[in-house]
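The block underneath contains the structure these notes are about, expressed in structure tokens.
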Amino acid sequence: MGANRDFYEILGVSKTADEKELKKAYRKKAMKYHPDRNPDNKEAEEKFKDVNEAYEILSDPEKRAIYDQYGEEGLKGQAGFGGAGGFGGGFSGGGFEDMFGDIFSDFFGGGRGGFSGFGGTGRRGPIRGADIRQSVTIDFEEAAFGKKISLKVNRREECDECGGSGCKPGTSKKTCSTCGGSGVVREVRQTPFGNMATQRECSSCHGTGEQIESPCSKCHGTGSVRKTKTIEVNIPAGIDDGQMIKLAGQGEYGEKNAPRGDLYIVVHIRPHKYFVREGYDIYLDMPISFVQAALGDDVEVPTIDGDVKYSIPEGTQTGTVFRLKGKGIQRMNSATRGDQYVKVKIDVPKKLTEKQKEILRTFASESGESVQENKKTFGQKIEDFFTKDRKE
């Protein structure tokens with residue numbers, strides 16, 4: 001991940017952009033750099049990742065506030081001593097915060113290392129497994145109606161050789177000889193204020209208080225191995241591009257029987273050939289002929305449910321929008337649906353037979369119109385203009 005990126009610049013929006021502007025800019029950029037539209041294009045792939053990350057941060061009010069104040073570094077947990085409720089309301093990483101962190105680490109037993117300080121054992125507890133983030137791309141209709149998919153996830157699983165202990169079968173962990181099982185090493189330092197007792201994480205056992213003398217040959221003492229698992233995922237009907245699905249407990253393996261992390265699935269939707277989605281509504285531009293617009297007609301209108309009949313009224317003008325109620329996208333966790341809006345565009349024929357032209361001339365005459373037909377192309381008109389200029 002590149003440092004100090006300008007997420008506003010990546011999306012092409014101002015720093016005052018609201019949620020609607022962010023979403024519109026994200027869709028435009030995501031469509032432009034989508035892997036399906038840029039096969040084997042590494043540059044487009046990287047830009048697509050940047051656009052997704054920028055939108056994820058800026059669309060989250062809490063993350064956006066941190067980013068606006070501290071930049072990208074703040075999102076790595078380095079902005080503000082002790083978080084939002086920290087000392088003095090927050091200092092940038094590497095300055096006052098680190099200084100106070102070191103003081104607490106020395107005097108109170110490693111304030112940032114998970115130790116209990118004076119009076120506690122100091123042994124590090126089990127660490128929850130890391131979260132996994134993965135993307136899937138589905139079709140427009142699959143997002144509209146929902147779908148069950150199989151997703152391959154590469155994650156750490158309990159080692160079946162040692163049962164997660166990390167020890168060679170038939171052996172077990174021993175109490176750390178360096179810290180005596182406490183997980184910390186205590187020292188006494190001479191300071192201008194007198195002798196001060198300090199404690200730090202034991203480097204031999206890394207705070208666990210235990211050592212493995214004979215590591216498992218399969219997992220090398222880690223207690224877990226990397227495997228590819230197939231997970232069934234239910235994509236809910238109505239999900240929108242860029243939304244995430246959380247699968248609790250499907251992330252990385254936790255240490256010493258600690259809970260697993262979570263799996264976050266970011267859903268991307270392939271653009272449709274005809275339909276455009278806005279929220280839960282669908283928009284469609286539909287061409288009709290001059291005759292259909294003038295006389296009216298019963299037409300077949302494409303929808304995600306299939307073609308439906310619609311009566312175009314006589315005298316319909318180009319740009320007229322018709323609404324098909326309930327033919328949009330199903331709302332998340334609801335039985336109701338959005339609508340479909342059909343914008344009529346009159347398709348003017350580029351080539352007419354002589355008979356068709358004669359009919360139109362008669363129509364113009366009946367309407368009281370005087371039509372001066374000009375059969376020259378734009379290029380011919382330009383040529384005539386310069387030819388006339390040279391003659392003069």
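By convention here, the chains of the structure tokens are called A, B, ... in the order presented, each chain's residues are numbered starting at 1, and ligands are numbered starting at 1 in the order presented.
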
Fewer than 5 positions away in the same chain doesn't count, so skip those; otherwise give me all residues within 6 Å of Pro126 of chain A, counting only C-alpha atoms, as a PDB file with C-alpha atoms, in the first residue's frame.
```pdb
ATOM      1  CA  GLU A 255      -3.455 -18.481  18.458  1.00  0.00           C
ATOM      2  CA  LYS A 256      -3.900 -20.966  21.306  1.00  0.00           C
ATOM      3  CA  ALA A 258      -8.351 -17.855  20.374  1.00  0.00           C
TER       4      ALA A 258
END
```

List the neighbours of Phe290 of chain A out to 9 Å using only C-alpha atoms; skip same-chain residues closer than 3 positions along the sequence, and give me the result as an NGL selection string.
:A and (293-295 or 346-349)

Could you please take those selected residues and save all heavy atoms as a compact mmCIF listing (two decimals), in the first residue's frame?
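Below is the file that was written, selection-v7.txt:
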```txt
# COMPACT_ATOMS: atom_id res chain seq x y z
N ALA A 293 -43.68 6.87 -32.25
CA ALA A 293 -43.84 8.05 -31.40
C ALA A 293 -45.04 8.88 -31.82
O ALA A 293 -45.80 9.40 -30.99
CB ALA A 293 -42.57 8.91 -31.45
N ALA A 294 -45.24 8.99 -33.14
CA ALA A 294 -46.32 9.84 -33.65
C ALA A 294 -47.69 9.18 -33.50
O ALA A 294 -48.67 9.82 -33.09
CB ALA A 294 -46.06 10.16 -35.11
N LEU A 295 -47.77 7.88 -33.81
CA LEU A 295 -49.06 7.20 -33.81
C LEU A 295 -49.35 6.42 -32.53
O LEU A 295 -50.49 6.04 -32.28
CB LEU A 295 -49.14 6.23 -35.00
CG LEU A 295 -48.93 6.85 -36.39
CD1 LEU A 295 -49.02 5.76 -37.45
CD2 LEU A 295 -49.96 7.95 -36.65
N ILE A 346 -36.22 8.85 -29.90
CA ILE A 346 -36.73 8.59 -31.25
C ILE A 346 -35.57 8.35 -32.20
O ILE A 346 -34.66 9.18 -32.32
CB ILE A 346 -37.59 9.77 -31.73
CG1 ILE A 346 -38.81 9.93 -30.81
CG2 ILE A 346 -38.03 9.56 -33.18
CD1 ILE A 346 -39.68 11.10 -31.12
N ASP A 347 -35.60 7.21 -32.83
CA ASP A 347 -34.52 6.79 -33.73
C ASP A 347 -34.85 7.28 -35.16
O ASP A 347 -35.76 6.77 -35.81
CB ASP A 347 -34.41 5.26 -33.70
CG ASP A 347 -33.20 4.75 -34.47
OD1 ASP A 347 -32.33 5.58 -34.80
OD2 ASP A 347 -33.14 3.53 -34.72
N VAL A 348 -34.11 8.28 -35.61
CA VAL A 348 -34.33 8.83 -36.96
C VAL A 348 -33.55 8.00 -37.97
O VAL A 348 -32.33 7.85 -37.85
CB VAL A 348 -33.88 10.30 -37.02
CG1 VAL A 348 -34.10 10.86 -38.43
CG2 VAL A 348 -34.63 11.12 -35.99
N PRO A 349 -34.23 7.44 -38.99
CA PRO A 349 -33.52 6.62 -39.99
C PRO A 349 -32.51 7.44 -40.79
O PRO A 349 -32.76 8.60 -41.13
CB PRO A 349 -34.66 6.09 -40.87
CG PRO A 349 -35.77 7.06 -40.69
CD PRO A 349 -35.67 7.54 -39.29
```

Just list the residues in segment 175-342 of chain A DSSP gives strand (DSSP E or B) on the backbone, as an MDAnalysis selection string.
chainID A and resid 175 184:191 194:201 210:211 215 224:235 244:247 263:269 276:278 281:289 297:301 308:312 321:324 330 337 340:342

Residue subset to file, keeping C-alpha atoms, as a compact mmCIF listing (two decimals), in the first residue's frame:
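And here's part02.txt as it stands now:
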```txt
# COMPACT_ATOMS: atom_id res chain seq x y z
CA THR A 175 7.98 -23.53 30.95
CA VAL A 184 8.24 -10.95 30.99
CA VAL A 185 11.76 -10.21 32.09
CA ARG A 186 12.10 -7.77 34.99
CA GLU A 187 15.11 -5.56 35.45
CA VAL A 188 16.21 -2.88 37.92
CA ARG A 189 17.71 0.30 36.49
CA GLN A 190 19.56 3.08 38.20
CA THR A 191 18.05 6.46 37.31
CA GLY A 194 16.73 6.15 42.21
CA ASN A 195 16.37 2.47 41.30
CA MET A 196 13.44 1.79 38.98
CA ALA A 197 12.00 -1.65 38.25
CA THR A 198 11.11 -2.29 34.61
CA GLN A 199 9.71 -5.24 32.74
CA ARG A 200 9.70 -6.18 29.06
CA GLU A 201 8.38 -9.02 26.96
CA GLU A 210 6.25 -21.38 27.22
CA GLN A 211 8.86 -22.80 24.87
CA PRO A 215 8.66 -28.23 17.04
CA SER A 224 -1.27 -23.84 11.97
CA VAL A 225 -0.73 -24.42 8.26
CA ARG A 226 -1.99 -22.54 5.21
CA LYS A 227 -4.76 -24.23 3.26
CA THR A 228 -7.35 -23.32 0.63
CA LYS A 229 -10.91 -23.77 1.83
CA THR A 230 -14.13 -23.54 -0.18
CA ILE A 231 -16.82 -21.52 1.58
CA GLU A 232 -20.46 -21.19 0.53
CA VAL A 233 -21.54 -17.55 0.50
CA ASN A 234 -25.10 -16.26 0.14
CA ILE A 235 -25.08 -13.02 -1.86
CA MET A 244 -19.27 -5.82 1.94
CA ILE A 245 -20.53 -9.08 3.39
CA LYS A 246 -19.13 -10.07 6.79
CA LEU A 247 -18.72 -13.75 7.65
CA LEU A 263 -13.92 -12.72 6.47
CA TYR A 264 -15.01 -9.56 4.63
CA ILE A 265 -16.20 -10.04 1.05
CA VAL A 266 -16.28 -6.94 -1.14
CA VAL A 267 -18.85 -7.35 -3.91
CA HIS A 268 -18.26 -5.85 -7.36
CA ILE A 269 -20.94 -5.86 -10.06
CA VAL A 276 -28.01 1.42 -15.30
CA ARG A 277 -28.63 1.16 -11.56
CA GLU A 278 -29.13 4.10 -9.20
CA ASP A 281 -34.02 1.97 -9.33
CA ILE A 282 -33.10 0.91 -12.88
CA TYR A 283 -32.77 3.26 -15.86
CA LEU A 284 -33.08 2.27 -19.52
CA ASP A 285 -32.77 4.29 -22.74
CA MET A 286 -35.17 2.78 -25.28
CA PRO A 287 -35.18 3.72 -28.98
CA ILE A 288 -38.50 3.87 -30.87
CA SER A 289 -39.28 4.91 -34.43
CA ASP A 297 -47.70 1.64 -30.25
CA ASP A 298 -47.62 -1.36 -27.93
CA VAL A 299 -43.94 -2.17 -27.37
CA GLU A 300 -41.92 -4.80 -25.53
CA VAL A 301 -39.76 -3.19 -22.82
CA VAL A 308 -43.13 -6.50 -20.50
CA LYS A 309 -45.73 -4.79 -22.72
CA TYR A 310 -46.15 -1.04 -22.55
CA SER A 311 -48.43 1.23 -24.56
CA ILE A 312 -46.61 4.22 -26.02
CA VAL A 321 -39.64 9.10 -19.29
CA PHE A 322 -42.05 6.30 -18.36
CA ARG A 323 -42.10 4.57 -14.98
CA LEU A 324 -42.55 0.84 -14.50
CA GLN A 330 -35.22 -5.59 -4.49
CA ARG A 337 -38.54 -3.24 -5.00
CA GLN A 340 -37.62 1.08 -13.63
CA TYR A 341 -37.51 4.34 -15.59
CA VAL A 342 -37.62 4.13 -19.39
```

Could you list, as a PyMOL selection string, every residue within 10 Å of segment 53-59 of chain A, counting only C-alpha atoms and ignoring same-chain residues fewer than 2 positions away?
chain A and resi 1+5-11+15+17-20+22-23+25-27+30+47-51+61-68+72+75+242-244+266

To one decimal in Å, tell me the separation between atom CA of Glu45 of chain A and atom CA of Gln134 of chain A.
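So the two atoms, atom CA of Glu45 of chain A and atom CA of Gln134 of chain A, lie 14.9 Å apart.
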
Restricting the calculation to only C-alpha atoms, which member of A:Ser334, A:Ser217, A:Ser172, A:Gly183 is positioned closest to Asp160 of chain A?
A:Ser217

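Taking only C-alpha atoms into account, Arg156 of chain A lies nearest to A:Arg260 out of the set A:Arg260, A:Arg37, A:Arg133, A:Lys218.
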
Report, in Å to a single decimal, how far apart atom CA of Pro35 of chain A and atom CA of Pro236 of chain A are.
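The value is 23.2 Å.
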
Minimum-distance residue to Glu157 of chain A, chosen among A:Asp240, A:Glu73, A:Glu252, A:Glu366 (using only C-alpha atoms)
A:Glu252

For Gly223 of chain A: contacts at 6 Å, only C-alpha atoms, fewer than 4 positions along chain excluded, given as a list in words:
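Everything that qualifies: Cys159, Gly164, Ser165, Gly166 and Cys219 of chain A.
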
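Residues surrounding Tyr280 of chain A within 10 Å are Ala144, Gly238, Ile239, Asp240, Arg277, Gly326, Lys327, Gly328, Ile329, Gln330, Arg331, Met332, Thr336, Arg337, Gly338, Asp339 and Gln340 of chain A [only C-alpha atoms; sequence separation below 3 positions excluded].
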
Serialized selection, all heavy atoms, as a compact mmCIF listing (two decimals), in the first residue's frame:
```txt
# COMPACT_ATOMS: atom_id res chain seq x y z
N ALA A 144 -29.13 -8.36 -8.36
CA ALA A 144 -30.54 -7.99 -8.21
C ALA A 144 -31.34 -9.07 -7.48
O ALA A 144 -32.18 -8.78 -6.63
CB ALA A 144 -31.15 -7.72 -9.58
N GLY A 238 -30.30 -7.53 -3.93
CA GLY A 238 -30.29 -6.08 -3.76
C GLY A 238 -28.95 -5.50 -3.38
O GLY A 238 -28.83 -4.28 -3.24
N ILE A 239 -27.92 -6.34 -3.22
CA ILE A 239 -26.61 -5.81 -2.83
C ILE A 239 -26.09 -4.89 -3.93
O ILE A 239 -26.32 -5.11 -5.11
CB ILE A 239 -25.62 -6.97 -2.55
CG1 ILE A 239 -24.40 -6.44 -1.79
CG2 ILE A 239 -25.21 -7.68 -3.85
CD1 ILE A 239 -23.57 -7.53 -1.16
N ASP A 240 -25.38 -3.84 -3.52
CA ASP A 240 -24.90 -2.85 -4.48
C ASP A 240 -23.39 -2.98 -4.65
O ASP A 240 -22.70 -3.57 -3.81
CB ASP A 240 -25.26 -1.43 -4.02
CG ASP A 240 -25.37 -0.46 -5.18
OD1 ASP A 240 -24.97 -0.82 -6.31
OD2 ASP A 240 -25.86 0.67 -4.98
N ARG A 277 -28.01 1.18 -12.89
CA ARG A 277 -28.63 1.16 -11.56
C ARG A 277 -28.29 2.42 -10.78
O ARG A 277 -27.16 2.87 -10.76
CB ARG A 277 -28.14 -0.08 -10.79
CG ARG A 277 -28.65 -0.13 -9.35
CD ARG A 277 -28.22 -1.41 -8.67
NE ARG A 277 -28.58 -1.41 -7.26
CZ ARG A 277 -28.39 -2.44 -6.43
NH1 ARG A 277 -27.84 -3.55 -6.89
NH2 ARG A 277 -28.75 -2.36 -5.16
N GLY A 326 -42.19 -1.05 -9.47
CA GLY A 326 -41.84 -2.36 -8.92
C GLY A 326 -40.98 -3.22 -9.82
O GLY A 326 -40.79 -4.41 -9.54
N LYS A 327 -40.41 -2.63 -10.89
CA LYS A 327 -39.57 -3.40 -11.80
C LYS A 327 -38.08 -3.10 -11.58
O LYS A 327 -37.25 -3.39 -12.44
CB LYS A 327 -39.95 -3.10 -13.25
CG LYS A 327 -41.30 -3.70 -13.65
CD LYS A 327 -41.28 -5.22 -13.54
CE LYS A 327 -42.59 -5.84 -13.95
NZ LYS A 327 -42.57 -7.32 -13.79
N GLY A 328 -37.76 -2.52 -10.43
CA GLY A 328 -36.37 -2.22 -10.13
C GLY A 328 -35.72 -3.31 -9.30
O GLY A 328 -36.08 -4.49 -9.39
N ILE A 329 -34.76 -2.91 -8.45
CA ILE A 329 -33.99 -3.85 -7.63
C ILE A 329 -34.69 -4.07 -6.29
O ILE A 329 -35.24 -3.13 -5.70
CB ILE A 329 -32.57 -3.29 -7.37
CG1 ILE A 329 -31.87 -2.97 -8.70
CG2 ILE A 329 -31.75 -4.26 -6.54
CD1 ILE A 329 -31.55 -4.17 -9.55
N GLN A 330 -34.65 -5.30 -5.81
CA GLN A 330 -35.22 -5.59 -4.49
C GLN A 330 -34.40 -4.90 -3.41
O GLN A 330 -33.17 -4.94 -3.42
CB GLN A 330 -35.23 -7.10 -4.24
CG GLN A 330 -35.82 -7.46 -2.88
CD GLN A 330 -35.89 -8.96 -2.67
OE1 GLN A 330 -36.16 -9.71 -3.61
NE2 GLN A 330 -35.65 -9.41 -1.46
N ARG A 331 -35.08 -4.26 -2.47
CA ARG A 331 -34.38 -3.60 -1.37
C ARG A 331 -33.82 -4.64 -0.40
O ARG A 331 -34.46 -5.66 -0.15
CB ARG A 331 -35.33 -2.64 -0.64
CG ARG A 331 -35.68 -1.42 -1.47
CD ARG A 331 -36.65 -0.49 -0.74
NE ARG A 331 -36.80 0.76 -1.47
CZ ARG A 331 -37.61 0.95 -2.50
NH1 ARG A 331 -38.36 -0.07 -2.91
NH2 ARG A 331 -37.68 2.12 -3.10
N MET A 332 -32.64 -4.35 0.13
CA MET A 332 -31.99 -5.28 1.06
C MET A 332 -32.89 -5.53 2.26
O MET A 332 -33.44 -4.60 2.84
CB MET A 332 -30.66 -4.70 1.52
CG MET A 332 -29.62 -4.58 0.41
SD MET A 332 -28.66 -6.10 0.20
CE MET A 332 -27.55 -5.97 1.59
N THR A 336 -39.94 -5.33 -0.84
CA THR A 336 -40.29 -4.28 -1.80
C THR A 336 -39.16 -4.06 -2.80
O THR A 336 -38.00 -4.38 -2.53
CB THR A 336 -40.60 -2.95 -1.09
OG1 THR A 336 -39.41 -2.51 -0.39
CG2 THR A 336 -41.73 -3.13 -0.10
N ARG A 337 -39.52 -3.49 -3.95
CA ARG A 337 -38.54 -3.24 -5.00
C ARG A 337 -38.61 -1.80 -5.47
O ARG A 337 -39.61 -1.10 -5.29
CB ARG A 337 -38.80 -4.18 -6.19
CG ARG A 337 -38.50 -5.63 -5.89
CD ARG A 337 -38.91 -6.54 -7.03
NE ARG A 337 -38.26 -6.22 -8.28
CZ ARG A 337 -38.32 -6.99 -9.37
NH1 ARG A 337 -39.01 -8.12 -9.33
NH2 ARG A 337 -37.71 -6.64 -10.47
N GLY A 338 -37.52 -1.36 -6.08
CA GLY A 338 -37.49 -0.05 -6.70
C GLY A 338 -38.25 -0.07 -8.01
O GLY A 338 -38.95 -1.04 -8.33
N ASP A 339 -38.12 1.00 -8.78
CA ASP A 339 -38.84 1.12 -10.05
C ASP A 339 -37.86 1.12 -11.23
O ASP A 339 -36.66 1.29 -11.05
CB ASP A 339 -39.66 2.41 -10.06
CG ASP A 339 -40.63 2.48 -8.90
OD1 ASP A 339 -41.21 1.44 -8.55
OD2 ASP A 339 -40.79 3.59 -8.33
N GLN A 340 -38.42 0.94 -12.41
CA GLN A 340 -37.62 1.08 -13.63
C GLN A 340 -38.12 2.30 -14.39
O GLN A 340 -39.32 2.48 -14.58
CB GLN A 340 -37.71 -0.16 -14.51
CG GLN A 340 -36.91 -0.02 -15.82
CD GLN A 340 -36.79 -1.31 -16.58
OE1 GLN A 340 -36.56 -2.37 -15.99
NE2 GLN A 340 -36.94 -1.26 -17.89
```

Env of Cys162 of chain A: 8 Å cut, atoms = only C-alpha atoms, seq-sep filter 5 positions within chain, self excluded. Answer as a list in words.
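The residues satisfying every condition are Cys167, Lys168, Pro169, Cys216 and Gly223 of chain A.
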
Written file, previous selection with C-alpha atoms, as a tab-separated table (two decimals), in the first residue's frame:
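And here is the file that came out, selection_25.tsv:
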```tsv
chain	number	residue	atom	x	y	z
A	167	CYS	CA	4.87	-29.49	19.32
A	168	LYS	CA	6.12	-32.66	17.73
A	169	PRO	CA	3.63	-35.48	18.44
A	216	CYS	CA	6.15	-30.02	14.81
A	223	GLY	CA	0.32	-24.66	15.32
```
